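Coordinates as given in final27.cif (mmCIF, C-alpha atoms):
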data_target
loop_
_atom_site.label_atom_id
_atom_site.label_comp_id
_atom_site.auth_asym_id
_atom_site.auth_seq_id
_atom_site.Cartn_x
_atom_site.Cartn_y
_atom_site.Cartn_z
CA MET A 21 -44.77 31.96 64.87
CA GLY A 22 -42.19 33.31 62.44
CA SER A 23 -41.63 29.82 61.14
CA LEU A 24 -45.28 29.11 60.50
CA ASN A 25 -45.70 26.24 58.05
CA MET A 26 -42.11 25.16 58.63
CA SER A 27 -43.24 21.94 60.25
CA GLU A 28 -45.20 21.13 57.10
CA HIS A 29 -42.03 21.07 55.05
CA LYS A 30 -40.67 17.76 53.94
CA PRO A 31 -37.16 16.85 55.06
CA VAL A 32 -34.31 18.00 52.84
CA ASP A 33 -32.69 15.24 50.75
CA PHE A 34 -28.91 15.02 51.07
CA TYR A 35 -27.08 12.82 48.53
CA PHE A 36 -23.41 11.86 48.82
CA ASP A 37 -20.91 9.22 47.81
CA PHE A 38 -18.73 7.91 50.65
CA SER A 39 -15.77 8.22 48.29
CA SER A 40 -16.36 11.95 47.74
CA PRO A 41 -14.19 14.43 49.69
CA TYR A 42 -16.70 17.23 49.09
CA GLY A 43 -19.37 14.88 50.45
CA TYR A 44 -17.28 14.56 53.61
CA PHE A 45 -17.12 18.33 54.05
CA ALA A 46 -20.83 18.74 53.35
CA ALA A 47 -21.87 15.94 55.73
CA ALA A 48 -20.09 17.78 58.53
CA ARG A 49 -22.19 20.89 57.87
CA ILE A 50 -25.59 20.10 56.40
CA ASP A 51 -27.58 19.59 59.59
CA HIS A 52 -25.98 22.63 61.27
CA VAL A 53 -27.03 24.73 58.28
CA LEU A 54 -30.61 23.43 58.35
CA ALA A 55 -31.23 23.52 62.12
CA PRO A 56 -31.79 27.29 62.52
CA PHE A 57 -34.57 26.98 59.92
CA ASP A 58 -36.21 24.07 61.75
CA ARG A 59 -35.45 21.86 58.79
CA THR A 60 -34.20 18.31 58.98
CA SER A 61 -32.50 16.09 56.40
CA ILE A 62 -32.71 12.57 55.08
CA TRP A 63 -29.33 11.23 54.00
CA HIS A 64 -28.92 9.12 50.89
CA PRO A 65 -25.49 7.61 50.28
CA ILE A 66 -25.20 6.71 46.60
CA LEU A 67 -22.61 5.34 44.21
CA LEU A 68 -21.67 8.00 41.67
CA GLY A 69 -20.50 5.52 39.03
CA PRO A 70 -23.78 5.39 37.07
CA ALA A 71 -24.12 9.19 37.09
CA LEU A 72 -20.51 9.62 35.93
CA LYS A 73 -21.24 7.22 33.09
CA LYS A 74 -24.32 9.24 32.12
CA THR A 75 -22.61 12.63 32.23
CA GLY A 76 -19.39 11.30 30.72
CA ASN A 77 -17.30 12.30 33.72
CA ARG A 78 -14.59 10.66 35.75
CA PRO A 79 -13.84 11.28 39.42
CA MET A 80 -11.96 14.55 39.89
CA ALA A 81 -8.93 12.65 41.22
CA GLU A 82 -8.60 10.88 37.87
CA GLN A 83 -8.63 14.00 35.71
CA PRO A 84 -5.33 15.65 34.79
CA MET A 85 -5.02 19.19 36.23
CA LYS A 86 -8.18 18.82 38.30
CA ASP A 87 -6.56 16.10 40.40
CA ASP A 88 -3.81 18.45 41.60
CA TYR A 89 -6.33 21.18 42.36
CA GLY A 90 -8.56 18.74 44.21
CA ARG A 91 -5.78 17.42 46.40
CA TYR A 92 -4.73 20.94 47.32
CA ASP A 93 -8.31 22.13 47.83
CA TRP A 94 -9.38 19.23 50.06
CA ASP A 95 -6.43 19.88 52.34
CA ARG A 96 -7.25 23.59 52.39
CA LEU A 97 -10.93 22.99 53.14
CA ALA A 98 -10.10 20.53 55.92
CA ARG A 99 -7.80 23.10 57.56
CA PHE A 100 -10.49 25.76 57.19
CA MET A 101 -13.21 23.54 58.67
CA ASP A 102 -10.86 22.12 61.29
CA LEU A 103 -11.60 18.56 60.14
CA PRO A 104 -9.05 15.75 60.09
CA TRP A 105 -7.67 15.06 56.61
CA ALA A 106 -5.43 12.38 55.11
CA LEU A 107 -5.83 11.37 51.47
CA PRO A 108 -6.58 7.64 51.66
CA ALA A 109 -4.26 5.20 49.86
CA LYS A 110 -7.39 3.68 48.29
CA PHE A 111 -8.98 6.67 46.63
CA PRO A 112 -11.27 7.01 44.82
CA MET A 113 -12.84 3.62 45.44
CA SER A 114 -16.17 1.85 45.47
CA THR A 115 -17.94 2.22 48.80
CA VAL A 116 -20.76 -0.17 47.98
CA LYS A 117 -20.55 -2.01 51.31
CA THR A 118 -20.35 1.23 53.30
CA ALA A 119 -23.45 2.55 51.57
CA ARG A 120 -25.28 -0.73 52.10
CA ALA A 121 -24.32 -0.63 55.79
CA PHE A 122 -25.89 2.82 56.03
CA TYR A 123 -29.21 1.58 54.67
CA ALA A 124 -29.12 -1.57 56.78
CA ILE A 125 -28.67 0.61 59.87
CA GLU A 126 -31.45 2.91 58.74
CA GLU A 127 -33.83 -0.02 58.23
CA ASN A 128 -32.92 -2.33 61.09
CA PHE A 129 -30.39 -0.89 63.53
CA GLY A 130 -31.70 2.44 64.75
CA GLY A 131 -32.95 4.55 61.85
CA GLN A 132 -31.63 7.73 60.19
CA GLU A 133 -30.03 9.22 63.28
CA VAL A 134 -27.85 6.18 63.98
CA ALA A 135 -27.14 5.85 60.25
CA LYS A 136 -26.00 9.49 60.17
CA LYS A 137 -23.68 8.86 63.09
CA PHE A 138 -22.30 5.87 61.20
CA ALA A 139 -21.84 7.99 58.05
CA ILE A 140 -20.05 10.85 59.81
CA THR A 141 -17.78 8.40 61.61
CA ALA A 142 -17.09 6.44 58.42
CA TYR A 143 -16.18 9.67 56.61
CA LYS A 144 -13.76 10.65 59.40
CA VAL A 145 -12.18 7.22 59.41
CA TYR A 146 -11.80 7.31 55.60
CA PHE A 147 -10.72 10.89 54.95
CA GLY A 148 -9.36 11.65 58.41
CA GLU A 149 -7.33 8.48 58.91
CA GLY A 150 -7.14 7.00 55.43
CA SER A 151 -8.68 3.64 56.38
CA ASP A 152 -10.58 1.50 53.86
CA ILE A 153 -14.21 1.96 54.97
CA ASN A 154 -15.43 -0.54 52.38
CA ASP A 155 -13.55 -3.28 54.25
CA PRO A 156 -15.85 -5.49 56.37
CA GLY A 157 -13.42 -5.40 59.29
CA ILE A 158 -13.50 -1.59 59.33
CA ILE A 159 -17.29 -1.58 58.93
CA ALA A 160 -17.51 -3.89 61.95
CA GLY A 161 -15.43 -1.44 63.97
CA LEU A 162 -17.66 1.44 62.88
CA ALA A 163 -20.71 -0.62 63.89
CA ARG A 164 -19.33 -1.22 67.39
CA PHE A 165 -18.52 2.48 67.74
CA CYS A 166 -22.19 3.19 66.93
CA GLU A 167 -23.28 0.49 69.42
CA ILE A 168 -24.60 -1.74 66.67
CA ASP A 169 -24.22 -5.54 66.56
CA ASP A 170 -21.34 -5.82 64.09
CA VAL A 171 -21.93 -9.45 63.12
CA ALA A 172 -25.61 -8.81 62.40
CA LEU A 173 -24.75 -5.69 60.36
CA LEU A 174 -22.15 -7.49 58.23
CA SER A 175 -24.70 -10.18 57.56
CA ALA A 176 -27.42 -7.63 56.69
CA ILE A 177 -25.33 -5.90 54.01
CA GLU A 178 -25.13 -9.15 52.04
CA THR A 179 -28.90 -9.68 51.93
CA PRO A 180 -30.85 -9.14 48.68
CA ALA A 181 -33.14 -6.67 50.47
CA ILE A 182 -30.30 -4.29 51.35
CA LYS A 183 -28.57 -4.74 48.00
CA ASP A 184 -31.88 -3.84 46.34
CA ARG A 185 -32.35 -0.86 48.61
CA LEU A 186 -29.03 0.66 47.53
CA ARG A 187 -29.75 -0.03 43.85
CA HIS A 188 -33.14 1.59 44.28
CA GLU A 189 -31.62 4.67 45.94
CA VAL A 190 -29.09 5.03 43.12
CA ASP A 191 -31.82 4.66 40.47
CA LEU A 192 -34.01 7.18 42.25
CA SER A 193 -31.15 9.67 42.55
CA LEU A 194 -30.56 9.45 38.79
CA GLU A 195 -34.27 10.00 38.14
CA LYS A 196 -34.14 13.11 40.30
CA GLY A 197 -31.14 14.47 38.39
CA VAL A 198 -28.44 13.86 40.99
CA PHE A 199 -25.11 13.76 39.12
CA GLY A 200 -22.58 14.75 41.78
CA SER A 201 -21.67 14.61 45.44
CA PRO A 202 -22.77 16.35 47.56
CA PHE A 203 -26.18 17.15 46.12
CA VAL A 204 -29.07 18.69 48.06
CA ILE A 205 -32.74 18.75 47.06
CA LEU A 206 -34.77 21.18 49.13
CA ASP A 207 -38.47 21.60 48.34
CA GLY A 208 -37.69 20.51 44.79
CA GLU A 209 -34.81 22.98 44.46
CA LYS A 210 -31.46 21.41 43.55
CA PHE A 211 -28.07 22.48 44.86
CA TRP A 212 -24.89 20.78 43.69
CA GLY A 213 -21.63 20.99 45.63
CA SER A 214 -20.30 21.76 49.07
CA ASP A 215 -19.86 25.38 47.98
CA ARG A 216 -23.58 25.99 47.76
CA PHE A 217 -24.43 26.20 51.45
CA TRP A 218 -24.43 30.00 51.21
CA MET A 219 -27.18 29.70 48.62
CA ILE A 220 -29.12 27.10 50.59
CA LYS A 221 -29.08 29.47 53.58
CA ARG A 222 -30.27 32.42 51.49
CA TRP A 223 -32.97 30.25 49.94
CA LEU A 224 -34.23 29.12 53.35
CA LYS A 225 -34.06 32.65 54.73
CA SER A 226 -35.94 34.27 51.87
CA GLY A 227 -38.14 31.42 50.66
CA GLY A 228 -36.58 31.61 47.21
CA TRP A 229 -36.23 34.37 44.65
CA MET B 22 -1.97 50.99 58.67
CA GLY B 23 -3.98 47.82 59.03
CA SER B 24 -3.36 47.00 55.42
CA LEU B 25 0.40 47.40 55.62
CA ASN B 26 2.13 45.62 52.74
CA MET B 27 -1.11 45.51 50.77
CA SER B 28 0.33 47.80 48.13
CA GLU B 29 3.21 45.38 47.66
CA HIS B 30 0.86 42.62 46.59
CA LYS B 31 0.71 41.68 42.96
CA PRO B 32 -2.66 42.01 41.22
CA VAL B 33 -4.98 39.02 41.41
CA ASP B 34 -5.24 37.00 38.17
CA PHE B 35 -8.79 36.40 36.95
CA TYR B 36 -9.27 33.83 34.18
CA PHE B 37 -12.50 33.32 32.29
CA ASP B 38 -13.93 32.10 28.99
CA PHE B 39 -16.41 34.47 27.33
CA SER B 40 -18.59 31.44 26.65
CA SER B 41 -18.81 30.56 30.37
CA PRO B 42 -21.96 31.54 32.29
CA TYR B 43 -20.16 31.22 35.63
CA GLY B 44 -17.47 33.49 34.20
CA TYR B 45 -20.19 36.05 33.53
CA PHE B 46 -21.39 35.92 37.12
CA ALA B 47 -17.84 36.10 38.48
CA ALA B 48 -16.84 39.01 36.24
CA ALA B 49 -19.71 41.02 37.70
CA ARG B 50 -18.33 40.49 41.21
CA ILE B 51 -14.57 40.00 41.29
CA ASP B 52 -13.47 43.64 41.55
CA HIS B 53 -16.15 44.44 44.15
CA VAL B 54 -14.88 41.54 46.25
CA LEU B 55 -11.24 42.66 45.98
CA ALA B 56 -11.72 46.41 46.47
CA PRO B 57 -12.23 46.40 50.29
CA PHE B 58 -8.86 44.65 50.58
CA ASP B 59 -7.12 47.19 48.35
CA ARG B 60 -6.48 44.48 45.81
CA THR B 61 -6.82 44.84 42.07
CA SER B 62 -7.17 42.25 39.32
CA ILE B 63 -5.74 41.52 35.91
CA TRP B 64 -8.28 39.83 33.63
CA HIS B 65 -7.28 37.03 31.28
CA PRO B 66 -9.94 35.81 28.86
CA ILE B 67 -8.98 32.33 27.67
CA LEU B 68 -10.40 29.59 25.49
CA LEU B 69 -11.23 26.56 27.62
CA GLY B 70 -10.99 24.09 24.74
CA PRO B 71 -7.37 23.03 25.37
CA ALA B 72 -8.01 22.61 29.12
CA LEU B 73 -11.15 20.56 28.47
CA LYS B 74 -9.09 18.35 26.18
CA LYS B 75 -6.46 17.88 28.90
CA THR B 76 -8.92 17.10 31.68
CA GLY B 77 -11.17 15.05 29.42
CA ASN B 78 -14.19 17.28 30.03
CA ARG B 79 -16.87 18.78 27.86
CA PRO B 80 -18.71 22.04 28.50
CA MET B 81 -21.40 21.60 31.16
CA ALA B 82 -24.11 22.39 28.60
CA GLU B 83 -23.05 19.33 26.57
CA GLN B 84 -23.22 16.83 29.45
CA PRO B 85 -26.45 14.92 30.08
CA MET B 86 -27.99 15.74 33.48
CA LYS B 87 -25.51 18.56 34.13
CA ASP B 88 -26.94 20.55 31.21
CA ASP B 89 -30.39 20.70 32.80
CA TYR B 90 -28.94 21.68 36.16
CA GLY B 91 -26.76 24.33 34.55
CA ARG B 92 -29.64 25.94 32.65
CA TYR B 93 -31.72 26.09 35.82
CA ASP B 94 -28.81 27.27 37.96
CA TRP B 95 -27.72 30.08 35.62
CA ASP B 96 -31.23 31.45 35.57
CA ARG B 97 -31.41 31.20 39.37
CA LEU B 98 -28.03 32.89 39.85
CA ALA B 99 -28.95 35.69 37.45
CA ARG B 100 -32.15 36.35 39.41
CA PHE B 101 -30.22 36.30 42.66
CA MET B 102 -27.55 38.70 41.38
CA ASP B 103 -30.09 40.82 39.54
CA LEU B 104 -28.23 40.38 36.26
CA PRO B 105 -29.89 40.10 32.85
CA TRP B 106 -30.07 36.51 31.57
CA ALA B 107 -31.08 34.88 28.30
CA LEU B 108 -29.46 31.64 27.21
CA PRO B 109 -27.89 32.51 23.83
CA ALA B 110 -28.96 30.54 20.74
CA LYS B 111 -25.26 30.01 20.02
CA PHE B 112 -24.06 28.40 23.21
CA PRO B 113 -21.52 27.19 24.04
CA MET B 114 -19.39 28.60 21.27
CA SER B 115 -15.86 29.69 20.48
CA THR B 116 -15.22 33.26 21.53
CA VAL B 117 -11.80 33.51 19.95
CA LYS B 118 -12.46 36.90 18.35
CA THR B 119 -13.98 38.32 21.53
CA ALA B 120 -10.94 37.23 23.53
CA ARG B 121 -8.57 38.65 20.92
CA ALA B 122 -10.50 41.93 20.99
CA PHE B 123 -9.96 42.07 24.76
CA TYR B 124 -6.18 41.75 24.38
CA ALA B 125 -6.07 44.19 21.46
CA ILE B 126 -7.85 46.74 23.65
CA GLU B 127 -5.52 46.03 26.54
CA GLU B 128 -2.46 46.52 24.33
CA ASN B 129 -3.52 49.36 22.05
CA PHE B 130 -6.88 50.88 22.90
CA GLY B 131 -6.80 51.92 26.54
CA GLY B 132 -5.37 49.16 28.72
CA GLN B 133 -6.93 46.82 31.30
CA GLU B 134 -9.64 49.20 32.50
CA VAL B 135 -11.12 49.74 29.04
CA ALA B 136 -10.67 46.04 28.27
CA LYS B 137 -12.60 45.18 31.45
CA LYS B 138 -15.41 47.50 30.42
CA PHE B 139 -15.46 45.75 27.04
CA ALA B 140 -15.54 42.33 28.75
CA ILE B 141 -18.38 43.20 31.13
CA THR B 142 -20.37 44.70 28.28
CA ALA B 143 -19.68 41.74 26.00
CA TYR B 144 -20.81 39.34 28.73
CA LYS B 145 -24.06 41.29 29.20
CA VAL B 146 -24.70 41.36 25.47
CA TYR B 147 -24.04 37.61 25.21
CA PHE B 148 -25.73 36.24 28.32
CA GLY B 149 -28.13 39.11 28.91
CA GLU B 150 -29.38 39.54 25.34
CA GLY B 151 -28.23 36.35 23.63
CA SER B 152 -26.23 38.09 20.89
CA ASP B 153 -23.28 36.43 19.18
CA ILE B 154 -20.32 38.31 20.67
CA ASN B 155 -17.86 36.47 18.43
CA ASP B 156 -19.44 38.18 15.41
CA PRO B 157 -17.34 41.07 14.05
CA GLY B 158 -20.43 43.26 13.67
CA ILE B 159 -21.30 42.80 17.35
CA ILE B 160 -17.65 43.36 18.36
CA ALA B 161 -17.71 46.62 16.40
CA GLY B 162 -20.78 47.72 18.33
CA LEU B 163 -19.13 46.84 21.63
CA ALA B 164 -16.07 48.83 20.56
CA ARG B 165 -18.15 51.91 19.83
CA PHE B 166 -19.90 51.56 23.19
CA CYS B 167 -16.44 51.60 24.81
CA GLU B 168 -15.45 54.61 22.68
CA ILE B 169 -12.92 52.60 20.71
CA ASP B 170 -12.30 52.92 16.96
CA ASP B 171 -14.25 49.88 15.73
CA VAL B 172 -12.53 49.59 12.36
CA ALA B 173 -9.09 49.71 13.95
CA LEU B 174 -10.09 47.13 16.55
CA LEU B 175 -11.48 44.68 13.98
CA SER B 176 -8.26 45.03 12.05
CA ALA B 177 -6.14 44.51 15.18
CA ILE B 178 -7.78 41.19 16.07
CA GLU B 179 -6.62 39.71 12.78
CA THR B 180 -2.95 40.59 13.29
CA PRO B 181 -0.39 37.88 14.12
CA ALA B 182 0.64 39.81 17.24
CA ILE B 183 -2.83 39.64 18.80
CA LYS B 184 -3.41 36.06 17.68
CA ASP B 185 -0.10 35.16 19.33
CA ARG B 186 -1.04 37.04 22.48
CA LEU B 187 -4.19 34.98 22.97
CA ARG B 188 -2.35 31.72 22.24
CA HIS B 189 0.30 32.75 24.76
CA GLU B 190 -2.33 33.55 27.42
CA VAL B 191 -4.01 30.18 26.89
CA ASP B 192 -0.66 28.35 27.10
CA LEU B 193 0.29 30.25 30.24
CA SER B 194 -3.07 29.51 31.87
CA LEU B 195 -2.53 25.78 31.23
CA GLU B 196 0.96 25.98 32.74
CA LYS B 197 -0.52 27.60 35.82
CA GLY B 198 -3.12 24.85 36.19
CA VAL B 199 -6.19 26.77 35.04
CA PHE B 200 -8.75 24.17 33.91
CA GLY B 201 -12.08 25.97 34.36
CA SER B 202 -13.89 29.28 34.21
CA PRO B 203 -13.87 31.34 36.34
CA PHE B 204 -10.50 30.70 37.92
CA VAL B 205 -8.72 33.06 40.32
CA ILE B 206 -5.05 32.98 41.30
CA LEU B 207 -4.32 35.14 44.33
CA ASP B 208 -0.77 35.23 45.70
CA GLY B 209 -0.24 31.79 44.20
CA GLU B 210 -3.43 30.43 45.76
CA LYS B 211 -5.93 28.94 43.29
CA PHE B 212 -9.71 29.23 43.47
CA TRP B 213 -11.94 27.56 40.91
CA GLY B 214 -15.53 28.58 40.35
CA SER B 215 -17.90 31.45 40.95
CA ASP B 216 -18.91 29.79 44.25
CA ARG B 217 -15.54 30.43 45.83
CA PHE B 218 -15.81 34.14 46.51
CA TRP B 219 -16.67 33.39 50.14
CA MET B 220 -13.31 31.63 50.43
CA ILE B 221 -11.42 34.36 48.59
CA LYS B 222 -12.85 36.89 51.05
CA ARG B 223 -11.88 34.77 54.06
CA TRP B 224 -8.43 34.24 52.61
CA LEU B 225 -7.90 37.98 52.10
CA LYS B 226 -9.30 38.78 55.55
CA SER B 227 -7.16 36.29 57.42
CA GLY B 228 -4.09 36.05 55.20
CA GLY B 229 -4.67 32.33 54.72
CA TRP B 230 -4.95 29.41 57.11
#
In structure tokens, what does this structure look like?
Amino acid sequence: MGSLNMSEHKPVDFYFDFSSPYGYFAAARIDHVLAPFDRTSIWHPILLGPALKKTGNRPMAEQPMKDDYGRYDWDRLARFMDLPWALPAKFPMSTVKTARAFYAIEENFGGQEVAKKFAITAYKVYFGEGSDINDPGIIAGLARFCEIDDVALLSAIETPAIKDRLRHEVDLSLEKGVFGSPFVILDGEKFWGSDRFWMIKRWLKSGGW
Amino acid sequence: MGSLNMSEHKPVDFYFDFSSPYGYFAAARIDHVLAPFDRTSIWHPILLGPALKKTGNRPMAEQPMKDDYGRYDWDRLARFMDLPWALPAKFPMSTVKTARAFYAIEENFGGQEVAKKFAITAYKVYFGEGSDINDPGIIAGLARFCEIDDVALLSAIETPAIKDRLRHEVDLSLEKGVFGSPFVILDGEKFWGSDRFWMIKRWLKSGGW
């Protein structure tokens, strides 16, 4: 009874770009952080390009000084979290097809849970093995790993409906103020960055302050 | 004997810009975080302008989307840390005189400990009360609060020696890869941001990973 009202809470929104290392680290943790509080999450892969244009930013890996720090920090975080890590040859890159595949799976091939499995696997294949997860051949392999019909999935990601879905998700994320990856919105409260899980936990524990 | 060799460690370098809200939050914590590990810190106020030019960034408060998040987040962090908070009318701004005053105090008016007291007080007067801490009149008041001769301090910050000292500190910070505020360098290991104290603690506890 301690978590009275918990079931009334809406799922937590988790935004990430498949090309974001900090998104990779956050995706590996988010649901483990939420579970003890009986909270679930809805994942929203986005493309950060439009937000970067709005804020006037470039990806960290393209900024002098910050690029060196990032490369060192991602390796350090991966060691700390015991996650595989290999900076991909293609990085940063557009992951438009990967993100579309996620939404196609969510809509037609098993829902959020299968889409999450796809996302976690895609992240590990990209940042753990350095493979190009925007490549249709790699997406097909990821589909088979998730027991999804690969041919049907590759066809789905080229449909107007799925292209529109991703555009809509990106537009909606901008409206909600999402400018980075990862980005969490919890009961209207926004948390930017993979370093904010301590605060998310405190917020859930105390109900805010 | 558990902390054998601890005394051999060099002090931890703590970089911050007086105009940085996250620097304010970090300054309130850094020495409390280090103390249990018998580690001390040397504080280096810098001006972030040259680093922002190098990385191609602007202050968070001048970036669309990020500015709104920042304003909300600073208020939230201040409540969480029980620190006074009032977004200054002049923000962000150059704090060249404040930074020079810090180094003048360090060199001629009591050393690092008095300079730290000045810095913490200046931060509280800026972000807690919204006063312009780059104003000589305010600096004089801060000096008196720290039991420093205010007239002598205001004269010191206009000397070539102190101007050179600040320029030298900014140059050195760039050479070391400091591109943000706060920024901690601990035994050669770099940590950017006030959200990285959890990692600094783990690093000190375990000796790295």
For the file shown, what are the residues hit by the PyMOL selection byres ((chain A) within 7 of (chain B)), laid out as a PDB file with C-alpha atoms, in the frame of the given file?
ATOM      1  CA  LYS A  74     -24.320   9.240  32.120  1.00  0.00           C
ATOM      2  CA  THR A  75     -22.610  12.630  32.230  1.00  0.00           C
ATOM      3  CA  GLY A  76     -19.390  11.300  30.720  1.00  0.00           C
ATOM      4  CA  ASN A  77     -17.300  12.300  33.720  1.00  0.00           C
ATOM      5  CA  GLN A  83      -8.630  14.000  35.710  1.00  0.00           C
ATOM      6  CA  PRO A  84      -5.330  15.650  34.790  1.00  0.00           C
ATOM      7  CA  MET A  85      -5.020  19.190  36.230  1.00  0.00           C
ATOM      8  CA  LYS A  86      -8.180  18.820  38.300  1.00  0.00           C
ATOM      9  CA  ARG A  99      -7.800  23.100  57.560  1.00  0.00           C
ATOM     10  CA  PHE A 100     -10.490  25.760  57.190  1.00  0.00           C
ATOM     11  CA  GLY A 197     -31.140  14.470  38.390  1.00  0.00           C
ATOM     12  CA  PHE A 199     -25.110  13.760  39.120  1.00  0.00           C
ATOM     13  CA  ASP A 215     -19.860  25.380  47.980  1.00  0.00           C
ATOM     14  CA  ARG A 216     -23.580  25.990  47.760  1.00  0.00           C
ATOM     15  CA  TRP A 229     -36.230  34.370  44.650  1.00  0.00           C
TER      16      TRP A 229
END
* Quick one: which residues end up in the PyMOL selection byres ((chain A and resi 124) around 9) for this structure, as a ChimeraX atom specification? -> /A:119-123,125-129,131,135,173,176-177,182,185
* To do: Give as a PyMOL selection string the residues that the PyMOL selection byres ((chain A and resi 159-166) around 12) matches when applied to the coordinates above.
  => chain A and resi 115-122+124-125+129-131+133-146+151-158+167-177
* Near Ser202 (chain B), counting only C-alpha atoms, which residues have an atom at most 12 Å away, once you skip same-chain residues fewer than 6 positions from it, shown as a PyMOL selection string? -> chain B and resi 35-48+64-70+72-73+80-81+194+212-217
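CA of Lys30 (chain A) lies 12.6 Å from CA of Phe57 (chain A).
Interatomic distance, CA of Ala98 (chain A) to CA of Ala48 (chain A): 10.7 Å.
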* Asked: Distance CA of Ala55 (chain A)-CA of Gln132 (chain A), one decimal place?
  -> 15.9 Å
Would you pull region 199-213 of chain A out of the block just shown and save N, CA, C and O atoms as a short mmCIF file (atom, residue, chain, number, x, y, z; two decimals), in the first residue's frame?
data_model
loop_
_atom_site.label_atom_id
_atom_site.label_comp_id
_atom_site.auth_asym_id
_atom_site.auth_seq_id
_atom_site.Cartn_x
_atom_site.Cartn_y
_atom_site.Cartn_z
N PHE A 199 15.97 18.57 -26.09
CA PHE A 199 17.06 19.11 -26.91
C PHE A 199 18.32 18.25 -26.88
O PHE A 199 19.35 18.62 -27.44
N GLY A 200 18.28 17.13 -26.16
CA GLY A 200 19.47 16.30 -26.02
C GLY A 200 19.10 14.85 -25.85
O GLY A 200 17.92 14.49 -25.78
N SER A 201 20.12 14.01 -25.78
CA SER A 201 19.92 12.57 -25.64
C SER A 201 20.91 12.03 -24.61
O SER A 201 22.11 12.30 -24.75
N PRO A 202 20.46 11.31 -23.59
CA PRO A 202 19.08 10.96 -23.31
C PRO A 202 18.32 12.11 -22.66
O PRO A 202 18.92 13.06 -22.15
N PHE A 203 17.00 11.99 -22.66
CA PHE A 203 16.14 13.01 -22.05
C PHE A 203 14.93 12.27 -21.49
O PHE A 203 14.30 11.49 -22.19
N VAL A 204 14.64 12.51 -20.23
CA VAL A 204 13.55 11.81 -19.55
C VAL A 204 12.49 12.83 -19.12
O VAL A 204 12.82 13.89 -18.59
N ILE A 205 11.23 12.52 -19.39
CA ILE A 205 10.14 13.35 -18.86
C ILE A 205 9.27 12.47 -17.97
O ILE A 205 8.72 11.47 -18.41
N LEU A 206 9.20 12.85 -16.71
CA LEU A 206 8.57 12.04 -15.67
C LEU A 206 7.53 12.91 -14.97
O LEU A 206 7.90 13.87 -14.30
N ASP A 207 6.26 12.62 -15.17
CA ASP A 207 5.20 13.44 -14.58
C ASP A 207 5.43 14.92 -14.87
O ASP A 207 5.28 15.77 -13.99
N GLY A 208 5.85 15.21 -16.10
CA GLY A 208 6.06 16.60 -16.50
C GLY A 208 7.42 17.16 -16.13
O GLY A 208 7.79 18.25 -16.58
N GLU A 209 8.17 16.43 -15.33
CA GLU A 209 9.49 16.89 -14.87
C GLU A 209 10.56 16.43 -15.85
O GLU A 209 10.59 15.25 -16.22
N LYS A 210 11.42 17.35 -16.27
CA LYS A 210 12.41 17.01 -17.30
C LYS A 210 13.79 16.77 -16.71
O LYS A 210 14.25 17.52 -15.85
N PHE A 211 14.45 15.74 -17.24
CA PHE A 211 15.80 15.41 -16.79
C PHE A 211 16.66 15.14 -18.02
O PHE A 211 16.39 14.21 -18.78
N TRP A 212 17.68 15.93 -18.21
CA TRP A 212 18.56 15.78 -19.37
C TRP A 212 19.85 15.08 -18.96
O TRP A 212 20.49 15.49 -17.99
N GLY A 213 20.22 14.04 -19.69
CA GLY A 213 21.54 13.44 -19.52
C GLY A 213 21.55 12.15 -18.75
O GLY A 213 20.73 11.92 -17.88
#
